[in-house]
file my_file.pdb (PDB, C-alpha atoms)
ATOM      1  CA  ALA A 751      11.874 124.153  -1.990
ATOM      2  CA  ALA A 752       8.662 122.127  -1.723
ATOM      3  CA  SER A 753       6.872 124.857   0.242
ATOM      4  CA  GLN A 754       8.017 127.475  -2.275
ATOM      5  CA  ALA A 755       6.652 125.331  -5.122
ATOM      6  CA  ASN A 756       3.348 124.989  -3.230
ATOM      7  CA  ARG A 757       3.118 128.761  -2.758
ATOM      8  CA  LEU A 758       3.831 129.344  -6.438
ATOM      9  CA  ALA A 759       1.179 126.813  -7.463
ATOM     10  CA  HIS A 760      -1.288 128.448  -5.066
ATOM     11  CA  LYS A 761      -0.593 131.922  -6.538
ATOM     12  CA  LYS A 762      -1.065 130.623 -10.083
ATOM     13  CA  GLN A 763      -4.372 129.058  -9.060
ATOM     14  CA  MET A 764      -5.544 132.317  -7.418
ATOM     15  CA  PHE A 765      -4.626 134.416 -10.464
ATOM     16  CA  SER A 766      -6.329 131.937 -12.761
ATOM     17  CA  ALA A 767      -9.534 132.143 -10.678
ATOM     18  CA  LEU A 768      -9.277 135.960 -10.669
ATOM     19  CA  ARG A 769      -8.933 136.055 -14.479
ATOM     20  CA  VAL A 770     -12.055 133.891 -14.813
ATOM     21  CA  ARG A 771     -14.019 136.195 -12.484
ATOM     22  CA  VAL A 772     -12.933 139.321 -14.347
ATOM     23  CA  ALA A 773     -13.841 137.764 -17.696
ATOM     24  CA  ARG A 774     -17.293 136.779 -16.416
ATOM     25  CA  ALA A 775     -17.889 140.205 -14.878
ATOM     26  CA  SER A 776     -17.036 141.941 -18.145
ATOM     27  CA  GLN A 777     -19.599 139.809 -19.984
ATOM     28  CA  GLY A 778     -22.533 141.012 -17.864
ATOM     29  CA  THR A 779     -24.918 139.173 -15.595
ATOM     30  CA  ARG A 780     -24.402 135.408 -15.394
ATOM     31  CA  GLY A 781     -22.116 135.374 -18.404
ATOM     32  CA  PHE A 782     -24.559 137.053 -20.787
ATOM     33  CA  ALA A 783     -24.242 140.516 -22.236
ATOM     34  CA  THR A 784     -26.928 142.709 -20.688
ATOM     35  CA  LYS A 785     -27.457 144.831 -23.794
ATOM     36  CA  PRO A 786     -25.675 145.044 -27.134
ATOM     37  CA  PRO A 787     -23.765 148.320 -27.405
ATOM     38  CA  SER A 788     -25.693 149.302 -30.547
ATOM     39  CA  ALA A 789     -29.197 148.735 -29.062
ATOM     40  CA  LEU A 790     -31.377 151.825 -28.877
ATOM     41  CA  GLY A 791     -34.087 152.104 -26.255
ATOM     42  CA  LYS A 792     -36.361 154.365 -24.281
ATOM     43  CA  ALA A 793     -33.901 157.251 -23.828
ATOM     44  CA  TRP A 794     -33.175 157.311 -27.563
ATOM     45  CA  ALA A 795     -36.911 157.322 -28.401
ATOM     46  CA  ILE A 796     -37.624 160.127 -25.938
ATOM     47  CA  ASP A 797     -34.769 162.226 -27.391
ATOM     48  CA  LEU A 798     -36.093 161.573 -30.896
ATOM     49  CA  ILE A 799     -39.601 162.749 -29.925
ATOM     50  CA  LYS A 800     -38.182 165.747 -28.060
ATOM     51  CA  ASP A 801     -36.097 166.882 -31.033
ATOM     52  CA  ALA A 802     -38.720 166.180 -33.724
ATOM     53  CA  ALA A 803     -41.621 167.817 -31.869
ATOM     54  CA  GLY A 804     -39.652 170.604 -30.211
ATOM     55  CA  VAL A 805     -40.983 169.765 -26.760
ATOM     56  CA  SER A 806     -39.348 169.292 -23.367
ATOM     57  CA  GLY A 807     -37.926 165.960 -22.268
ATOM     58  CA  LYS A 808     -40.775 165.525 -19.775
ATOM     59  CA  GLN A 809     -43.406 166.142 -22.470
ATOM     60  CA  ALA A 810     -41.612 163.746 -24.815
ATOM     61  CA  GLU A 811     -41.588 161.061 -22.106
ATOM     62  CA  VAL A 812     -45.336 161.536 -21.534
ATOM     63  CA  ALA A 813     -45.957 161.142 -25.280
ATOM     64  CA  TYR A 814     -43.736 158.048 -25.428
ATOM     65  CA  LYS A 815     -45.524 156.403 -22.491
ATOM     66  CA  ALA A 816     -48.959 157.304 -23.876
ATOM     67  CA  LEU A 817     -48.167 155.737 -27.248
ATOM     68  CA  LEU A 818     -46.790 152.509 -25.770
ATOM     69  CA  GLU A 819     -49.604 152.182 -23.237
ATOM     70  CA  GLY A 820     -52.211 152.861 -25.927
ATOM     71  CA  VAL A 821     -50.782 150.293 -28.336
ATOM     72  CA  SER A 822     -50.339 147.738 -25.544
ATOM     73  CA  ALA A 823     -53.891 148.167 -24.242
ATOM     74  CA  ALA A 824     -55.424 148.009 -27.719
ATOM     75  CA  VAL A 825     -53.511 144.860 -28.691
ATOM     76  CA  ALA A 826     -54.282 143.218 -25.329
ATOM     77  CA  SER A 827     -57.994 143.830 -25.917
ATOM     78  CA  GLY A 828     -57.806 142.189 -29.352
ATOM     79  CA  GLU A 829     -57.559 145.301 -31.528
ATOM     80  CA  ARG A 830     -55.255 145.449 -34.524
ATOM     81  CA  VAL A 831     -52.989 148.539 -34.503
ATOM     82  CA  THR A 832     -51.514 149.599 -37.852
ATOM     83  CA  PHE A 833     -48.970 152.336 -38.538
ATOM     84  CA  GLN A 834     -49.072 152.799 -42.313
ATOM     85  CA  GLY A 835     -45.712 151.884 -43.839
ATOM     86  CA  PHE A 836     -44.223 150.802 -40.503
ATOM     87  CA  GLY A 837     -46.165 147.743 -39.476
ATOM     88  CA  THR A 838     -49.037 146.092 -37.639
ATOM     89  CA  PHE A 839     -49.342 144.948 -34.042
ATOM     90  CA  GLU A 840     -51.960 142.344 -33.165
ATOM     91  CA  LYS A 841     -52.822 139.573 -30.731
ATOM     92  CA  THR A 842     -52.410 136.012 -31.965
ATOM     93  CA  SER A 843     -53.590 132.720 -30.500
ATOM     94  CA  ARG A 844     -51.368 129.690 -30.205
ATOM     95  CA  ALA A 845     -53.091 126.311 -30.022
ATOM     96  CA  ALA A 846     -52.313 123.758 -27.325
ATOM     97  CA  ARG A 847     -49.649 121.314 -28.438
ATOM     98  CA  ASN A 848     -47.477 118.454 -27.281
ATOM     99  CA  GLY A 849     -43.855 119.116 -26.380
ATOM    100  CA  VAL A 850     -40.850 117.509 -24.756
ATOM    101  CA  ASN A 851     -39.207 118.539 -21.478
ATOM    102  CA  PRO A 852     -35.562 119.092 -22.531
ATOM    103  CA  GLN A 853     -34.201 118.108 -19.106
ATOM    104  CA  THR A 854     -36.061 114.828 -18.692
ATOM    105  CA  GLY A 855     -37.195 113.959 -22.211
ATOM    106  CA  ALA A 856     -40.733 113.439 -20.899
ATOM    107  CA  ALA A 857     -43.715 114.363 -23.079
ATOM    108  CA  ILE A 858     -45.621 117.405 -21.811
ATOM    109  CA  GLN A 859     -48.787 119.236 -22.829
ATOM    110  CA  ILE A 860     -48.165 122.910 -23.663
ATOM    111  CA  PRO A 861     -51.378 124.900 -23.041
ATOM    112  CA  ALA A 862     -52.989 127.273 -25.527
ATOM    113  CA  THR A 863     -51.911 130.879 -25.125
ATOM    114  CA  GLU A 864     -52.165 134.333 -26.647
ATOM    115  CA  ALA A 865     -49.168 136.446 -27.621
ATOM    116  CA  PRO A 866     -48.424 139.779 -29.302
ATOM    117  CA  LYS A 867     -47.369 139.709 -32.950
ATOM    118  CA  PHE A 868     -45.713 142.338 -35.154
ATOM    119  CA  LYS A 869     -45.685 142.292 -38.938
ATOM    120  CA  ALA A 870     -43.383 144.806 -40.622
ATOM    121  CA  GLY A 871     -44.894 147.023 -43.321
ATOM    122  CA  THR A 872     -43.610 147.141 -46.882
ATOM    123  CA  ALA A 873     -41.964 150.572 -46.586
ATOM    124  CA  PHE A 874     -40.157 149.505 -43.397
ATOM    125  CA  LYS A 875     -38.964 146.281 -45.021
ATOM    126  CA  MET A 876     -37.661 148.184 -48.049
ATOM    127  CA  LEU A 877     -35.834 150.670 -45.819
ATOM    128  CA  VAL A 878     -34.134 147.855 -43.894
ATOM    129  CA  LYS A 879     -33.151 146.146 -47.162
ATOM    130  CA  GLY A 880     -31.626 149.412 -48.361
ATOM    131  CA  LYS A 881     -33.894 149.843 -51.374
TER     132      LYS A 881
END
call {"tool": "encode", "arguments": {"input": "my_file.pdb", "output": "structure tokens"}}
result
Amino acid sequence: AASQANRLAHKKQMFSALRVRVARASQGTRGFATKPPSALGKAWAIDLIKDAAGVSGKQAEVAYKALLEGVSAAVASGERVTFQGFGTFEKTSRAARNGVNPQTGAAIQIPATEAPKFKAGTAFKMLVKGK
């Protein structure tokens, strides 16, 4: 009876571990969702260009890449890129500042850096608000 109880306890433990693994696997990599189901990305943008311009998928992908590379290069070089009604992309500078290491609580110096910035245009904001 004792060995049967041990086997039953072992099976319960194995099934419990299996349930945990399945739950983690269904959540994506390392317990985080990889992409929300409603997120739209590159494939959606290429299809949108293809349908709106009446071009092939390959031509739409070339246009998509050219636009992103052009905006990225311009912003990286310090240019301000504005799409009227949609928004503005620009490079911004962040000053050096003091911070705290969250693991140790020690004070650290965070160096100055540059980062991309996007400011939504009025028409885009109104569209999102539903007005």
call {"tool": "residues_near_point", "arguments": {"input": "my_file.pdb", "point": "(-45.6, 161.8, -25.3)", "cutoff": "12 Å", "atoms": "all atoms listed in the file", "output": "list in words"}}
result
Lys792, Ala795, Ile796, Asp797, Leu798, Ile799, Lys800, Ala802, Ala803, Gly804, Val805, Ser806, Gly807, Lys808, Gln809, Ala810, Glu811, Val812, Ala813, Tyr814, Lys815, Ala816, Leu817, Leu818, Glu819 and Gly820 of chain A
call {"tool": "resolve_selection", "arguments": {"input": "my_file.pdb", "expression": "the PyMOL selection byres ((chain A and resi 846-848) around 12)", "output": "list in words"}}
result
Ser843, Arg844, Ala845, Gly849, Val850, Asn851, Ala856, Ala857, Ile858, Gln859, Ile860, Pro861, Ala862, Thr863 and Glu864 of chain A
call {"tool": "residues_near_point", "arguments": {"input": "my_file.pdb", "point": "(-49.2, 145.8, -34.8)", "cutoff": "12 Å", "atoms": "only C-alpha atoms", "output": "compact mmCIF listing (two decimals) with C-alpha atoms, keeping the file's coordinate frame"}}
result
# COMPACT_ATOMS: atom_id res chain seq x y z
CA LEU A 818 -46.79 152.51 -25.77
CA GLY A 820 -52.21 152.86 -25.93
CA VAL A 821 -50.78 150.29 -28.34
CA SER A 822 -50.34 147.74 -25.54
CA ALA A 823 -53.89 148.17 -24.24
CA ALA A 824 -55.42 148.01 -27.72
CA VAL A 825 -53.51 144.86 -28.69
CA ALA A 826 -54.28 143.22 -25.33
CA GLY A 828 -57.81 142.19 -29.35
CA GLU A 829 -57.56 145.30 -31.53
CA ARG A 830 -55.26 145.45 -34.52
CA VAL A 831 -52.99 148.54 -34.50
CA THR A 832 -51.51 149.60 -37.85
CA PHE A 833 -48.97 152.34 -38.54
CA GLN A 834 -49.07 152.80 -42.31
CA GLY A 835 -45.71 151.88 -43.84
CA PHE A 836 -44.22 150.80 -40.50
CA GLY A 837 -46.16 147.74 -39.48
CA THR A 838 -49.04 146.09 -37.64
CA PHE A 839 -49.34 144.95 -34.04
CA GLU A 840 -51.96 142.34 -33.16
CA LYS A 841 -52.82 139.57 -30.73
CA THR A 842 -52.41 136.01 -31.96
CA ALA A 865 -49.17 136.45 -27.62
CA PRO A 866 -48.42 139.78 -29.30
CA LYS A 867 -47.37 139.71 -32.95
CA PHE A 868 -45.71 142.34 -35.15
CA LYS A 869 -45.68 142.29 -38.94
CA ALA A 870 -43.38 144.81 -40.62
CA GLY A 871 -44.89 147.02 -43.32
call {"tool": "axis_aligned_box", "arguments": {"input": "my_file.pdb", "around": "range 796-814 of chain A", "padding_each_side": "6 Å", "output": "lines of an AutoDock Vina configuration file"}}
result
center_x = -40.4
center_y = 164.3
center_z = -26.7
size_x = 23.2
size_y = 24.6
size_z = 25.9
call {"tool": "atom_distance", "arguments": {"input": "my_file.pdb", "atom1": "CA of Ala789 in chain A", "atom2": "CA of Val878 in chain A"}}
result
15.7 Å
call {"tool": "atom_distance", "arguments": {"input": "my_file.pdb", "atom1": "CA of Ser788 in chain A", "atom2": "CA of Ala873 in chain A"}}
result
22.9 Å
